[in-house]
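Trainee: My structure is in coords-v9.cif, and what it holds is mmCIF, C-alpha atoms:
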```cif
data_final
#
loop_
_atom_site.label_atom_id
_atom_site.label_comp_id
_atom_site.auth_asym_id
_atom_site.auth_seq_id
_atom_site.Cartn_x
_atom_site.Cartn_y
_atom_site.Cartn_z
CA MET A 1234 -14.07 273.41 -76.60
CA GLN A 1235 -14.90 273.21 -80.28
CA ALA A 1236 -15.96 276.69 -81.28
CA HIS A 1237 -16.04 276.54 -85.07
CA GLN A 1238 -19.39 276.16 -86.79
CA ALA A 1239 -20.06 275.94 -90.50
CA PRO A 1240 -21.66 279.08 -91.93
CA LEU A 1241 -25.44 278.88 -91.89
CA SER A 1242 -27.65 279.10 -94.92
CA ARG A 1243 -30.88 281.00 -94.70
CA TRP A 1244 -33.60 279.02 -92.94
CA SER A 1245 -36.19 277.57 -95.31
CA ALA A 1246 -39.68 276.99 -93.96
CA PRO A 1247 -41.00 273.43 -94.28
CA PRO A 1248 -43.86 273.04 -96.78
CA ALA A 1249 -46.54 272.73 -94.09
CA VAL A 1250 -45.48 276.02 -92.50
CA THR A 1251 -45.28 277.74 -95.90
CA ALA A 1252 -48.79 276.51 -96.70
CA SER A 1253 -50.00 277.75 -93.33
CA ILE A 1254 -48.60 281.23 -93.96
CA GLY A 1255 -50.25 281.26 -97.38
CA LEU A 1256 -53.58 280.18 -95.92
CA HIS A 1257 -53.47 282.98 -93.37
CA ALA A 1258 -52.75 285.52 -96.11
CA VAL A 1259 -55.60 284.24 -98.31
CA ALA A 1260 -57.99 284.14 -95.36
CA ALA A 1261 -57.11 287.71 -94.38
CA GLY A 1262 -57.63 288.91 -97.94
CA ALA A 1263 -60.95 287.11 -98.24
CA ALA A 1264 -62.19 288.52 -94.94
CA VAL A 1265 -61.44 292.06 -96.12
CA PHE A 1266 -62.48 291.94 -99.75
CA VAL A 1267 -65.10 289.18 -100.09
CA PRO A 1268 -68.53 289.97 -98.59
CA GLY A 1269 -69.70 287.35 -96.13
CA ALA A 1270 -66.36 285.51 -96.10
CA LEU A 1271 -65.27 286.51 -92.58
CA TRP A 1272 -66.56 283.44 -90.77
CA TRP A 1273 -65.28 281.10 -93.48
CA ALA A 1274 -61.87 282.74 -93.18
CA LEU A 1275 -61.84 282.45 -89.39
CA GLY A 1276 -62.91 278.82 -89.63
CA GLY A 1277 -60.10 278.05 -92.06
CA ILE A 1278 -57.54 279.69 -89.79
CA ALA A 1279 -58.88 277.80 -86.77
CA LEU A 1280 -58.63 274.46 -88.59
CA ASN A 1281 -55.11 275.32 -89.70
CA GLN A 1282 -54.09 276.10 -86.12
CA VAL A 1283 -55.51 272.78 -84.96
CA GLY A 1284 -53.48 271.02 -87.66
CA LEU A 1285 -50.26 272.72 -86.57
CA ALA A 1286 -50.98 271.87 -82.94
CA VAL A 1287 -51.51 268.19 -83.81
CA ALA A 1288 -48.24 268.17 -85.76
CA GLY A 1289 -46.45 269.57 -82.70
CA LEU A 1290 -48.03 266.97 -80.43
CA TRP A 1291 -46.83 264.14 -82.70
CA PRO A 1292 -43.16 263.70 -81.74
CA ARG A 1293 -42.21 261.77 -84.88
CA SER A 1294 -43.83 264.24 -87.27
CA ARG A 1295 -41.75 266.00 -89.94
CA LEU A 1296 -44.46 268.53 -90.80
CA LEU A 1297 -42.81 271.29 -88.74
CA GLY A 1298 -39.26 270.64 -89.93
CA PRO A 1299 -36.56 267.97 -90.27
CA ASN A 1300 -36.75 265.27 -87.61
CA TRP A 1301 -34.51 262.22 -87.25
CA THR A 1302 -36.67 259.23 -86.33
CA ARG A 1303 -34.14 256.66 -87.58
CA LEU A 1304 -30.40 256.60 -88.19
CA PRO A 1305 -29.13 257.33 -91.70
CA ASP A 1306 -28.65 254.56 -94.26
CA ALA A 1307 -24.90 254.31 -93.60
CA ALA A 1308 -25.59 253.34 -89.98
CA VAL A 1309 -28.20 250.82 -91.09
CA GLN A 1310 -25.62 249.20 -93.38
CA ARG A 1311 -23.25 248.96 -90.40
CA ARG A 1312 -26.01 247.21 -88.38
CA GLN A 1313 -26.08 250.00 -85.81
CA PHE A 1314 -28.81 251.31 -83.54
CA ALA A 1315 -28.79 254.29 -81.19
CA LEU A 1316 -29.63 253.90 -77.51
CA THR A 1317 -30.68 257.28 -76.12
CA LEU A 1318 -31.32 258.14 -72.47
CA ASP A 1319 -33.27 261.25 -71.49
CA ASP A 1320 -33.75 263.57 -68.52
CA GLY A 1321 -30.47 262.96 -66.69
CA PRO A 1322 -27.97 263.01 -65.34
CA ASP A 1323 -29.23 261.39 -62.15
CA PRO A 1324 -26.55 260.90 -59.43
CA GLU A 1325 -28.10 257.59 -58.35
CA VAL A 1326 -29.22 256.04 -61.64
CA THR A 1327 -26.78 257.32 -64.28
CA PRO A 1328 -23.61 255.72 -62.78
CA ARG A 1329 -25.37 252.35 -62.72
CA VAL A 1330 -26.47 252.83 -66.33
CA LEU A 1331 -22.86 253.58 -67.27
CA ASP A 1332 -21.71 250.38 -65.59
CA LEU A 1333 -24.27 248.34 -67.53
CA LEU A 1334 -23.19 249.96 -70.79
CA ASP A 1335 -19.57 249.13 -69.99
CA ALA A 1336 -20.48 245.53 -69.21
CA HIS A 1337 -22.16 245.17 -72.61
CA ARG A 1338 -19.54 247.25 -74.45
CA THR A 1339 -22.22 249.57 -75.81
CA ARG A 1340 -22.04 253.30 -76.37
CA ALA A 1341 -25.08 255.48 -75.89
CA THR A 1342 -26.30 259.07 -76.20
CA PHE A 1343 -27.47 260.98 -73.13
CA PHE A 1344 -29.94 263.80 -73.80
CA CYS A 1345 -29.15 265.82 -70.69
CA ILE A 1346 -31.18 268.54 -69.05
CA ALA A 1347 -28.56 271.28 -68.73
CA GLU A 1348 -29.82 272.42 -65.33
CA ARG A 1349 -29.27 268.90 -63.96
CA ALA A 1350 -25.94 268.60 -65.76
CA GLN A 1351 -24.76 271.82 -64.13
CA ALA A 1352 -25.57 270.31 -60.72
CA ALA A 1353 -23.50 267.17 -61.46
CA PRO A 1354 -20.56 268.29 -63.63
CA ALA A 1355 -18.28 265.39 -62.69
CA LEU A 1356 -20.95 262.90 -63.73
CA VAL A 1357 -21.39 264.59 -67.11
CA ARG A 1358 -17.64 264.44 -67.69
CA GLU A 1359 -17.65 260.77 -66.73
CA ILE A 1360 -20.33 260.07 -69.35
CA VAL A 1361 -18.03 261.54 -72.00
CA ALA A 1362 -14.88 259.90 -70.57
CA ARG A 1363 -16.53 256.48 -70.90
CA GLY A 1364 -17.05 257.06 -74.62
CA HIS A 1365 -20.67 258.20 -74.63
CA ASP A 1366 -22.34 261.22 -76.17
CA VAL A 1367 -24.07 264.19 -74.50
CA GLN A 1368 -26.76 266.09 -76.41
CA ASN A 1369 -29.22 268.90 -75.69
CA HIS A 1370 -32.54 268.19 -73.96
CA SER A 1371 -33.21 271.86 -73.09
CA HIS A 1372 -32.02 273.81 -70.09
CA SER A 1373 -34.81 273.23 -67.59
CA HIS A 1374 -37.19 270.74 -69.28
CA ARG A 1375 -40.20 273.03 -68.96
CA HIS A 1376 -43.55 271.26 -69.13
CA HIS A 1377 -44.91 274.11 -71.28
CA PHE A 1378 -41.93 274.03 -73.66
CA ALA A 1379 -44.21 273.57 -76.69
CA LEU A 1380 -46.05 276.78 -75.81
CA LEU A 1381 -42.97 279.00 -75.78
CA GLY A 1382 -42.46 281.71 -78.37
CA PRO A 1383 -39.36 282.03 -80.57
CA ARG A 1384 -37.36 284.21 -78.18
CA ALA A 1385 -38.05 282.01 -75.15
CA LEU A 1386 -37.19 278.90 -77.16
CA ALA A 1387 -33.94 280.48 -78.33
CA ARG A 1388 -32.97 281.43 -74.77
CA GLU A 1389 -33.79 277.96 -73.41
CA ILE A 1390 -31.86 276.10 -76.10
CA ASP A 1391 -28.90 278.46 -76.29
CA ARG A 1392 -28.47 278.39 -72.52
CA ALA A 1393 -28.37 274.59 -72.60
CA GLN A 1394 -25.90 274.65 -75.48
CA ARG A 1395 -23.52 276.84 -73.51
CA VAL A 1396 -23.74 274.77 -70.33
CA LEU A 1397 -23.27 271.41 -72.05
CA ALA A 1398 -20.45 272.68 -74.28
CA ASP A 1399 -18.64 274.05 -71.24
CA LEU A 1400 -18.97 270.75 -69.36
CA THR A 1401 -18.07 268.40 -72.23
CA GLY A 1402 -15.81 270.51 -74.43
CA VAL A 1403 -17.97 270.03 -77.53
CA ARG A 1404 -21.20 271.68 -78.64
CA PRO A 1405 -24.20 269.39 -78.99
CA HIS A 1406 -25.39 268.95 -82.57
CA CYS A 1407 -28.67 267.19 -81.69
CA PHE A 1408 -31.71 268.34 -79.73
CA ARG A 1409 -34.69 266.47 -78.33
CA ALA A 1410 -37.70 268.46 -77.19
CA PRO A 1411 -39.11 267.75 -73.73
CA ALA A 1412 -41.63 264.93 -74.19
CA GLY A 1413 -41.02 265.35 -77.92
CA LEU A 1414 -43.55 268.21 -78.06
CA ARG A 1415 -42.87 271.36 -80.08
CA ASN A 1416 -44.38 274.14 -82.17
CA PRO A 1417 -43.66 275.86 -85.52
CA PHE A 1418 -41.22 278.29 -83.89
CA LEU A 1419 -38.73 275.56 -82.95
CA ASP A 1420 -37.17 274.65 -86.29
CA PRO A 1421 -35.73 278.10 -87.14
CA VAL A 1422 -34.22 278.23 -83.63
CA LEU A 1423 -32.59 274.82 -84.15
CA HIS A 1424 -31.35 275.91 -87.57
CA ALA A 1425 -29.67 278.96 -86.03
CA GLN A 1426 -27.88 276.66 -83.56
CA ASN A 1427 -26.91 274.01 -86.16
CA LEU A 1428 -28.99 271.48 -84.21
CA ASN A 1429 -30.73 268.39 -85.56
CA LEU A 1430 -34.11 267.56 -84.07
CA VAL A 1431 -34.02 263.91 -83.00
CA SER A 1432 -37.01 261.93 -81.78
CA TRP A 1433 -37.03 258.11 -81.80
CA THR A 1434 -38.09 254.95 -83.60
CA ARG A 1435 -39.39 253.22 -80.47
CA ARG A 1436 -39.89 254.20 -76.85
CA GLY A 1437 -40.56 252.15 -73.73
CA PHE A 1438 -42.62 254.63 -71.66
CA ASP A 1439 -40.35 253.75 -68.75
CA THR A 1440 -41.27 256.93 -66.88
CA VAL A 1441 -44.90 255.77 -66.84
CA SER A 1442 -44.84 251.97 -66.60
CA ASP A 1443 -43.30 250.08 -63.68
CA ASP A 1444 -43.51 246.77 -65.59
CA ALA A 1445 -40.07 246.01 -67.02
CA ASP A 1446 -41.43 243.23 -69.24
CA ARG A 1447 -43.90 245.57 -70.95
CA VAL A 1448 -41.28 248.28 -71.40
CA LEU A 1449 -38.86 245.77 -72.91
CA ALA A 1450 -41.53 244.38 -75.25
CA ARG A 1451 -42.27 247.87 -76.60
CA LEU A 1452 -38.58 248.43 -77.31
CA THR A 1453 -37.68 245.08 -78.85
CA HIS A 1454 -40.76 244.20 -80.92
CA GLY A 1455 -39.49 244.50 -84.48
CA MET A 1456 -36.20 246.03 -83.37
CA ALA A 1457 -33.84 246.52 -86.31
CA ALA A 1458 -30.76 248.31 -87.55
CA GLY A 1459 -31.26 252.07 -87.70
CA ASP A 1460 -33.58 252.23 -84.71
CA ILE A 1461 -33.32 255.11 -82.26
CA VAL A 1462 -34.39 253.71 -78.89
CA LEU A 1463 -35.60 255.89 -76.00
CA LEU A 1464 -35.14 255.15 -72.29
CA HIS A 1465 -34.66 257.46 -69.29
CA ASP A 1466 -31.90 257.69 -66.71
CA GLY A 1467 -33.66 260.73 -65.22
CA HIS A 1468 -37.23 260.70 -63.89
CA ALA A 1469 -36.97 256.90 -63.92
CA ARG A 1470 -40.08 255.01 -62.80
CA ARG A 1471 -39.42 252.41 -60.10
CA ASP A 1472 -40.89 248.95 -59.79
CA ALA A 1473 -42.54 247.47 -56.70
CA ARG A 1474 -39.10 246.78 -55.17
CA GLY A 1475 -37.98 250.37 -55.68
CA VAL A 1476 -35.60 249.50 -58.53
CA PRO A 1477 -35.54 251.98 -61.44
CA VAL A 1478 -37.18 250.24 -64.41
CA VAL A 1479 -34.39 251.31 -66.76
CA LEU A 1480 -31.92 249.19 -64.78
CA GLU A 1481 -34.13 246.12 -65.19
CA VAL A 1482 -34.72 246.72 -68.89
CA LEU A 1483 -31.30 247.83 -70.09
CA PRO A 1484 -29.28 244.57 -69.77
CA ARG A 1485 -32.05 242.57 -71.43
CA LEU A 1486 -32.41 245.14 -74.20
CA LEU A 1487 -28.67 245.12 -74.90
CA ALA A 1488 -28.60 241.31 -74.90
CA GLN A 1489 -31.43 241.30 -77.45
CA ALA A 1490 -29.62 243.83 -79.61
CA SER A 1491 -26.50 241.68 -79.51
CA ALA A 1492 -28.51 238.61 -80.49
CA LEU A 1493 -29.80 240.53 -83.50
CA GLY A 1494 -26.26 241.45 -84.50
CA LEU A 1495 -26.77 245.15 -83.69
CA ALA A 1496 -24.08 247.47 -82.34
CA GLY A 1497 -24.77 250.63 -80.38
CA ALA A 1498 -23.68 253.91 -81.95
CA THR A 1499 -23.77 257.42 -80.58
CA LEU A 1500 -25.63 260.15 -82.41
CA ARG A 1501 -22.33 262.05 -82.54
CA ASP A 1502 -20.95 259.29 -84.77
CA ALA A 1503 -24.09 258.30 -86.69
CA VAL A 1504 -25.96 261.55 -87.41
CA PRO A 1505 -24.22 264.24 -89.48
CA GLN A 1506 -24.22 267.94 -88.77
CA ARG A 1507 -27.48 269.59 -89.76
CA ALA A 1508 -27.77 270.07 -93.51
CA SER A 1509 -28.49 273.50 -94.95
CA GLY A 1510 -32.09 274.27 -95.75
CA TRP A 1511 -35.04 271.91 -95.35
CA ALA A 1512 -34.97 268.25 -96.35
#
```
Rewrite the coordinates I just gave you, this time as C-alpha cells.
Mentor:
Amino acid sequence: MQAHQAPLSRWSAPPAVTASIGLHAVAAGAAVFVPGALWWALGGIALNQVGLAVAGLWPRSRLLGPNWTRLPDAAVQRRQFALTLDDGPDPEVTPRVLDLLDAHRTRATFFCIAERAQAAPALVREIVARGHDVQNHSHSHRHHFALLGPRALAREIDRAQRVLADLTGVRPHCFRAPAGLRNPFLDPVLHAQNLNLVSWTRRGFDTVSDDADRVLARLTHGMAAGDIVLLHDGHARRDARGVPVVLEVLPRLLAQASALGLAGATLRDAVPQRASGWA
C-alpha cells in the first residue's frame, strides 16, 4: 500500500468562509457595543447561515472550498472525459458494469461506499485489476452527512480511507460527498487527508428515473471533453422489466462518447493530488 503523502500546508479558508467568520465577528461586536443593533446583528447572522446552507446544498458550488466539476485542461486537450459510478460496489450490478466497460475499452472511476466495499472485497479488487479507479464516497453514506460536525466528518472519511486503501493498495485522492451535499466543516477535513472534492459536470439521476432515454439525454446533451459524468452502480433504479437503468444507459453513453472522439480516463490519471492552500 502506498503510505507516503506529501507534507501538508496549513489549510486556508475559502473567501466565502473567511467573509462569514468576519461577519460573525462584526455582528457580535455590534450587538454588544451599538445600542439597538442586536436584532440587525442576529438577522445578518441568520442570512449568512442560510447562504452557507445553500452553498452546501449546491453540489457544484466552490464557495465552501475547491471542487472539481470538470477535468483539468490537460485532459481536455487529450479529448478525455471521466465516467464515475457511485454507491457501489453492488454484487449483482457492478460485475455487469465491468463487462460493459471492457467491451467498450473504457476505464472508469468507482466512488465506493467503504462499508459496501468491505462486504465485497474480491469485487473491489476486481475493479482495480481491470484497470479502473476506486475513490472515497464515505464509509457508510449517511443521509445526514451534510449535518455532521468536523470530528464526525473526519472519522467517517478517515475510516473509509483506511478501508479502501487496505482493499486496493492505494489511498484514494478524491472524495465525493453523499448526494454531493456538504457543509463548511468538510474542506479542512479533506485538506488534512490530501483529498480533492469531486462533483460532476452532468448527472443522469439514474437512482430516481426509470426511463433510460431520459437519463441518457441528460448525460449526452452537450457532452464534451473534460466532462465528469455521474451514474450509479449502487442503489440503481430499475426499469419496468427489472433491469438496472445504468445497464441500459451505459453502452449507449459509451457509444456516444466514442462517436464524439472522447476517451474515458480515471480520476487517478486525470486529476492531480490536491494542491496546497485554496485555489
Trainee: Work out how far apart CA of Leu1331 (chain A) and CA of Ala1488 (chain A) are and give it in Å to one decimal.
Mentor: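 For CA of Leu1331 (chain A) relative to CA of Ala1488 (chain A), the distance reads 15.5 Å.
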Trainee: Can you list, as a PyMOL selection string, the residues that the PyMOL selection byres ((chain A and resi 1306-1320) around 9) selects here?
Mentor: chain A and resi 1303-1305+1321-1323+1339-1346+1349+1370+1374+1409+1411+1433+1457-1469+1490+1494-1500+1503-1504
Trainee: I need the residue set behind the PyMOL selection byres ((chain A and resi 1478) around 12) for this file; please write it as a CSV table (one decimal) with C-alpha atoms, in the frame of the given file.
Mentor:
```csv
chain,number,residue,atom,x,y,z
A,1326,VAL,CA,-29.2,256.0,-61.6
A,1330,VAL,CA,-26.5,252.8,-66.3
A,1437,GLY,CA,-40.6,252.2,-73.7
A,1438,PHE,CA,-42.6,254.6,-71.7
A,1439,ASP,CA,-40.4,253.8,-68.8
A,1440,THR,CA,-41.3,256.9,-66.9
A,1441,VAL,CA,-44.9,255.8,-66.8
A,1442,SER,CA,-44.8,252.0,-66.6
A,1443,ASP,CA,-43.3,250.1,-63.7
A,1444,ASP,CA,-43.5,246.8,-65.6
A,1445,ALA,CA,-40.1,246.0,-67.0
A,1446,ASP,CA,-41.4,243.2,-69.2
A,1447,ARG,CA,-43.9,245.6,-71.0
A,1448,VAL,CA,-41.3,248.3,-71.4
A,1449,LEU,CA,-38.9,245.8,-72.9
A,1464,LEU,CA,-35.1,255.2,-72.3
A,1465,HIS,CA,-34.7,257.5,-69.3
A,1466,ASP,CA,-31.9,257.7,-66.7
A,1467,GLY,CA,-33.7,260.7,-65.2
A,1468,HIS,CA,-37.2,260.7,-63.9
A,1469,ALA,CA,-37.0,256.9,-63.9
A,1470,ARG,CA,-40.1,255.0,-62.8
A,1471,ARG,CA,-39.4,252.4,-60.1
A,1472,ASP,CA,-40.9,249.0,-59.8
A,1473,ALA,CA,-42.5,247.5,-56.7
A,1474,ARG,CA,-39.1,246.8,-55.2
A,1475,GLY,CA,-38.0,250.4,-55.7
A,1476,VAL,CA,-35.6,249.5,-58.5
A,1477,PRO,CA,-35.5,252.0,-61.4
A,1479,VAL,CA,-34.4,251.3,-66.8
A,1480,LEU,CA,-31.9,249.2,-64.8
A,1481,GLU,CA,-34.1,246.1,-65.2
A,1482,VAL,CA,-34.7,246.7,-68.9
A,1483,LEU,CA,-31.3,247.8,-70.1
A,1484,PRO,CA,-29.3,244.6,-69.8
A,1485,ARG,CA,-32.0,242.6,-71.4
```
Trainee: Counting all atoms listed in the file, figure out which residue out of A:Ala1347, A:Leu1333, A:Pro1421, A:His1365 gets nearest to Ala1393 (chain A).
Mentor: A:Ala1347
Trainee: What is the distance, in Å and to one decimal place, between CA of Ala1387 (chain A) and CA of His1424 (chain A)?
Mentor: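 Answer for the CA of Ala1387 (chain A) to CA of His1424 (chain A) separation: 10.6 Å.
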Trainee: One decimal, Å: what's the distance from CA of Gly1382 (chain A) over to CA of Ala1350 (chain A), could you say?
Mentor: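 Separation of CA of Gly1382 (chain A) and CA of Ala1350 (chain A): 24.6 Å.
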Trainee: Assuming the input is short of atoms at region 1386-1414 of chain A, produce N, CA and C atoms for that part as a JSON list (two decimals), in the frame of the given file.
Mentor:
```json
[["chain", "number", "residue", "atom", "x", "y", "z"],
["A", 1386, "LEU", "N", -37.80, 280.13, -76.68],
["A", 1386, "LEU", "CA", -37.19, 278.90, -77.16],
["A", 1386, "LEU", "C", -35.69, 279.10, -77.40],
["A", 1387, "ALA", "N", -35.35, 280.21, -78.04],
["A", 1387, "ALA", "CA", -33.94, 280.48, -78.33],
["A", 1387, "ALA", "C", -33.14, 280.60, -77.05],
["A", 1388, "ARG", "N", -33.69, 281.28, -76.05],
["A", 1388, "ARG", "CA", -32.97, 281.43, -74.77],
["A", 1388, "ARG", "C", -32.79, 280.08, -74.10],
["A", 1389, "GLU", "N", -33.84, 279.27, -74.07],
["A", 1389, "GLU", "CA", -33.79, 277.96, -73.41],
["A", 1389, "GLU", "C", -32.76, 277.04, -74.07],
["A", 1390, "ILE", "N", -32.76, 277.01, -75.38],
["A", 1390, "ILE", "CA", -31.86, 276.10, -76.10],
["A", 1390, "ILE", "C", -30.43, 276.61, -76.09],
["A", 1391, "ASP", "N", -30.25, 277.91, -76.29],
["A", 1391, "ASP", "CA", -28.90, 278.46, -76.29],
["A", 1391, "ASP", "C", -28.25, 278.32, -74.92],
["A", 1392, "ARG", "N", -29.02, 278.53, -73.87],
["A", 1392, "ARG", "CA", -28.47, 278.39, -72.52],
["A", 1392, "ARG", "C", -27.98, 276.96, -72.28],
["A", 1393, "ALA", "N", -28.78, 275.99, -72.73],
["A", 1393, "ALA", "CA", -28.37, 274.59, -72.60],
["A", 1393, "ALA", "C", -27.14, 274.30, -73.44],
["A", 1394, "GLN", "N", -27.07, 274.85, -74.64],
["A", 1394, "GLN", "CA", -25.90, 274.65, -75.48],
["A", 1394, "GLN", "C", -24.63, 275.11, -74.77],
["A", 1395, "ARG", "N", -24.69, 276.27, -74.17],
["A", 1395, "ARG", "CA", -23.52, 276.84, -73.51],
["A", 1395, "ARG", "C", -23.09, 275.99, -72.30],
["A", 1396, "VAL", "N", -24.05, 275.57, -71.51],
["A", 1396, "VAL", "CA", -23.74, 274.77, -70.33],
["A", 1396, "VAL", "C", -23.11, 273.44, -70.73],
["A", 1397, "LEU", "N", -23.75, 272.74, -71.67],
["A", 1397, "LEU", "CA", -23.27, 271.41, -72.05],
["A", 1397, "LEU", "C", -21.93, 271.48, -72.79],
["A", 1398, "ALA", "N", -21.74, 272.52, -73.60],
["A", 1398, "ALA", "CA", -20.45, 272.68, -74.28],
["A", 1398, "ALA", "C", -19.34, 272.96, -73.28],
["A", 1399, "ASP", "N", -19.65, 273.74, -72.26],
["A", 1399, "ASP", "CA", -18.64, 274.05, -71.24],
["A", 1399, "ASP", "C", -18.26, 272.80, -70.45],
["A", 1400, "LEU", "N", -19.23, 271.94, -70.17],
["A", 1400, "LEU", "CA", -18.97, 270.75, -69.36],
["A", 1400, "LEU", "C", -18.26, 269.65, -70.16],
["A", 1401, "THR", "N", -18.58, 269.53, -71.44],
["A", 1401, "THR", "CA", -18.07, 268.40, -72.23],
["A", 1401, "THR", "C", -16.95, 268.78, -73.17],
["A", 1402, "GLY", "N", -16.82, 270.07, -73.49],
["A", 1402, "GLY", "CA", -15.81, 270.51, -74.43],
["A", 1402, "GLY", "C", -16.23, 270.45, -75.88],
["A", 1403, "VAL", "N", -17.48, 270.09, -76.15],
["A", 1403, "VAL", "CA", -17.97, 270.03, -77.53],
["A", 1403, "VAL", "C", -19.45, 270.44, -77.54],
["A", 1404, "ARG", "N", -19.81, 271.23, -78.54],
["A", 1404, "ARG", "CA", -21.20, 271.68, -78.64],
["A", 1404, "ARG", "C", -22.09, 270.53, -79.11],
["A", 1405, "PRO", "N", -23.24, 270.36, -78.47],
["A", 1405, "PRO", "CA", -24.20, 269.39, -78.99],
["A", 1405, "PRO", "C", -24.60, 269.73, -80.42],
["A", 1406, "HIS", "N", -24.88, 268.71, -81.21],
["A", 1406, "HIS", "CA", -25.39, 268.95, -82.57],
["A", 1406, "HIS", "C", -26.77, 268.32, -82.75],
["A", 1407, "CYS", "N", -27.33, 267.77, -81.65],
["A", 1407, "CYS", "CA", -28.67, 267.19, -81.69],
["A", 1407, "CYS", "C", -29.50, 267.74, -80.53],
["A", 1408, "PHE", "N", -30.79, 267.84, -80.75],
["A", 1408, "PHE", "CA", -31.71, 268.34, -79.73],
["A", 1408, "PHE", "C", -32.94, 267.45, -79.71],
["A", 1409, "ARG", "N", -33.41, 267.16, -78.50],
["A", 1409, "ARG", "CA", -34.69, 266.47, -78.33],
["A", 1409, "ARG", "C", -35.58, 267.33, -77.45],
["A", 1410, "ALA", "N", -36.77, 267.61, -77.94],
["A", 1410, "ALA", "CA", -37.70, 268.46, -77.19],
["A", 1410, "ALA", "C", -38.24, 267.71, -75.98],
["A", 1411, "PRO", "N", -38.49, 268.40, -74.88],
["A", 1411, "PRO", "CA", -39.11, 267.75, -73.73],
["A", 1411, "PRO", "C", -40.42, 267.05, -74.13],
["A", 1412, "ALA", "N", -40.49, 265.78, -73.82],
["A", 1412, "ALA", "CA", -41.63, 264.93, -74.19],
["A", 1412, "ALA", "C", -41.84, 264.83, -75.69],
["A", 1413, "GLY", "N", -40.90, 265.37, -76.47],
["A", 1413, "GLY", "CA", -41.02, 265.35, -77.92],
["A", 1413, "GLY", "C", -41.98, 266.37, -78.49],
["A", 1414, "LEU", "N", -42.52, 267.26, -77.64],
["A", 1414, "LEU", "CA", -43.55, 268.21, -78.06],
["A", 1414, "LEU", "C", -42.91, 269.53, -78.49]]
```
